[in-house]
Amino acid sequence: MTLVTNRTLLDVAAGAGFGVGAFNVADLTMAQAVLDAARATESPVIVETLAGAHPHCSDETFWALLLELIDGYPEVPVALHLDHGPSYETCARAISAGFTSVMIDGSLDGAGRPASFEQNVAVTRRVVAYAHERGVSVEGELGTIGGSKDGTVRAEIVLADPAQAASFVAATGVDALAVAIGTSHGAYKFDTPPDGSVLRLDLVAEIAALVPGTHLVLHGSSSLPASLRARVNACGGRVPESWGVADEEKVRAVKLGIRKINQGMDHYLAFTAGVREALAADPVSVDPAVYLAAGRESAQRLLEERMVLFGQAGQASRYRR
Ligand code: 13P
């Protein structure tokens with residue numbers, strides 16, 4: 001088993017100054033693309049998934065299959081991470097299933113409104129106590145990241161407050177902290193390329209200095225490349241124009257103190273482009289194994305590029321004992 005905690009994975013990354021992509025997966029084919037990209041580039045990697053992400057498996061079934069899949073990549077240091085755990089109970093389920101890291105998203109109250117600082121601290125602290133007893137890492141969230149986290153909740157952006165960061169970390173003991181700096185989740189982010197007034201990378205440097213032992217996380221990091229959108233739309237898609245976080249901004253974010261970079265949409269777009277191209281090239285094909293393989297290869301190519309960009313490529317050997 002190649003599993004490590006996020007604490008271990010990110011401590012090593014911080015020591016050497018590189019970033020680590022945390023790539024969302026909602027099925028095994030996508031997880032294979034992530035793990036194959038990590039193997040090909042000799043990268044440590046974070047595989048992350050939302051509760052309820054798989055369209056036709058229970059969480060427990062999907063999670064067991066993910067762990068079995070990861071077992072087949074003994075040379076890849078992997079953290080299995082629950083993205084945006086909505087409650088203490090969901091985090092506890094993921095920990096029992098074998099996750100090595102969980103995120104408790106205490107930024108919203110049960111009704112989708114921004115939670116108070118005290119509410120956020122209370123639930124996060126409870127998860128940290130449970131997780132740390134079992135050797136599992138925890139990520140919390142300060143501020144609220146915009147966009148749709150699960151396709152149902154549309155949270156407005158509330159920027160992370162540096163003055164609260166140190167007290168949040170001291171009160172909760174989190175290993176990693178997602179900081180809202182203007183990004184949003186999903187395939188539709190900004191109507192124009194985001195400038196410094198939208199994407200507040202200055203907050204990263206300020207918060208990093210205040211919580212030196214805690215790893216900062218950038219959510220909503222997809223770039224939404226125009227070239228991928230063009231591939232999808234050339235084969236019947238209608239993905240509207242939108243801008244994400246440019247590659248150079250992500251590199252700058254890592255330099256300023258971001259350690260974990262969350263990405264879902266870009267490899268979903270790449271996967272969809274591969275599937276659409278395969279179906280368009282062979283309109284009589286009805287074999288899902290063939291077009292899913294094309295999607296997987298297309299996603300893997302994009303993921304390999306990102307692993308090189310974030311600096312994790314070539315770093316797997318640092319984790320060998
Ligand atoms: P994107 O929606 O930009 O791909 O980001 C994913 C994410 O932040 C998951 O937590």
# chains A, B, ... in the order shown; residues from 1 in each chain; ligands from 1
$ residues_around --residues "Cys91 (chain A)" --least-positions-apart "5" --cutoff "7 Å" --atoms "only C-alpha atoms" --output "JSON, numbers by chain"
{"A": [85, 102, 104]}
$ residues_near_ligand --ligand "ligand 1" --cutoff "10 Å" --atoms "only C-alpha atoms and all ligand atoms" --output "PyMOL selection string"
chain A and resi 22-25+48-50+82-84+103+145-150+178+183-189+217-224+244-245+261-269
$ select_by_dssp --residues "region 70-102 of chain A" --states "strand (DSSP E or B)" --output "list in words"
Val78, Ala79, Leu80, His81, Leu82, Asp83, His84, Gly85, Ser101 and Val102 of chain A
$ closest_residue --among "A:Ser137, A:Glu206, A:Asp195, A:Asp27" --to "Arg296 (chain A)" --atoms "only C-alpha atoms"
A:Asp27
$ select_by_dssp --residues "region 68-223 of chain A" --states "alpha helix (DSSP H)" --output "ChimeraX atom specification"
/A:68-71,88-97,117-133,162-172,201-210
$ residues_around --residues "Glu42 (chain A)" --least-positions-apart "3" --cutoff "7 Å" --atoms "only C-alpha atoms" --output "PyMOL selection string"
chain A and resi 38-39+313-316
$ residues_around --residues "Gly182 (chain A)" --least-positions-apart "4" --cutoff "7 Å" --atoms "only C-alpha atoms" --output "short mmCIF file (atom, residue, chain, number, x, y, z; two decimals) with N, CA, C and O atoms, in the first residue's frame"
data_model
loop_
_atom_site.label_atom_id
_atom_site.label_comp_id
_atom_site.auth_asym_id
_atom_site.auth_seq_id
_atom_site.Cartn_x
_atom_site.Cartn_y
_atom_site.Cartn_z
N ILE A 145 -15.39 29.64 -0.76
CA ILE A 145 -14.98 29.63 -2.16
C ILE A 145 -16.26 29.68 -2.98
O ILE A 145 -17.27 29.08 -2.60
N ILE A 157 -18.68 34.19 -2.84
CA ILE A 157 -17.30 34.21 -2.34
C ILE A 157 -17.22 35.12 -1.12
O ILE A 157 -17.65 36.26 -1.16
N LEU A 159 -14.03 36.25 1.11
CA LEU A 159 -12.58 36.09 1.16
C LEU A 159 -12.10 35.70 2.54
O LEU A 159 -12.70 36.11 3.56
N VAL A 198 -9.46 40.42 -8.59
CA VAL A 198 -10.37 39.28 -8.45
C VAL A 198 -9.66 38.14 -7.72
O VAL A 198 -10.18 37.54 -6.78
N LEU A 199 -8.44 37.89 -8.17
CA LEU A 199 -7.67 36.78 -7.60
C LEU A 199 -6.66 37.38 -6.62
O LEU A 199 -5.67 37.97 -7.03
N ARG A 200 -6.91 37.22 -5.33
CA ARG A 200 -6.14 37.95 -4.32
C ARG A 200 -4.97 37.11 -3.81
O ARG A 200 -4.95 36.65 -2.66
#
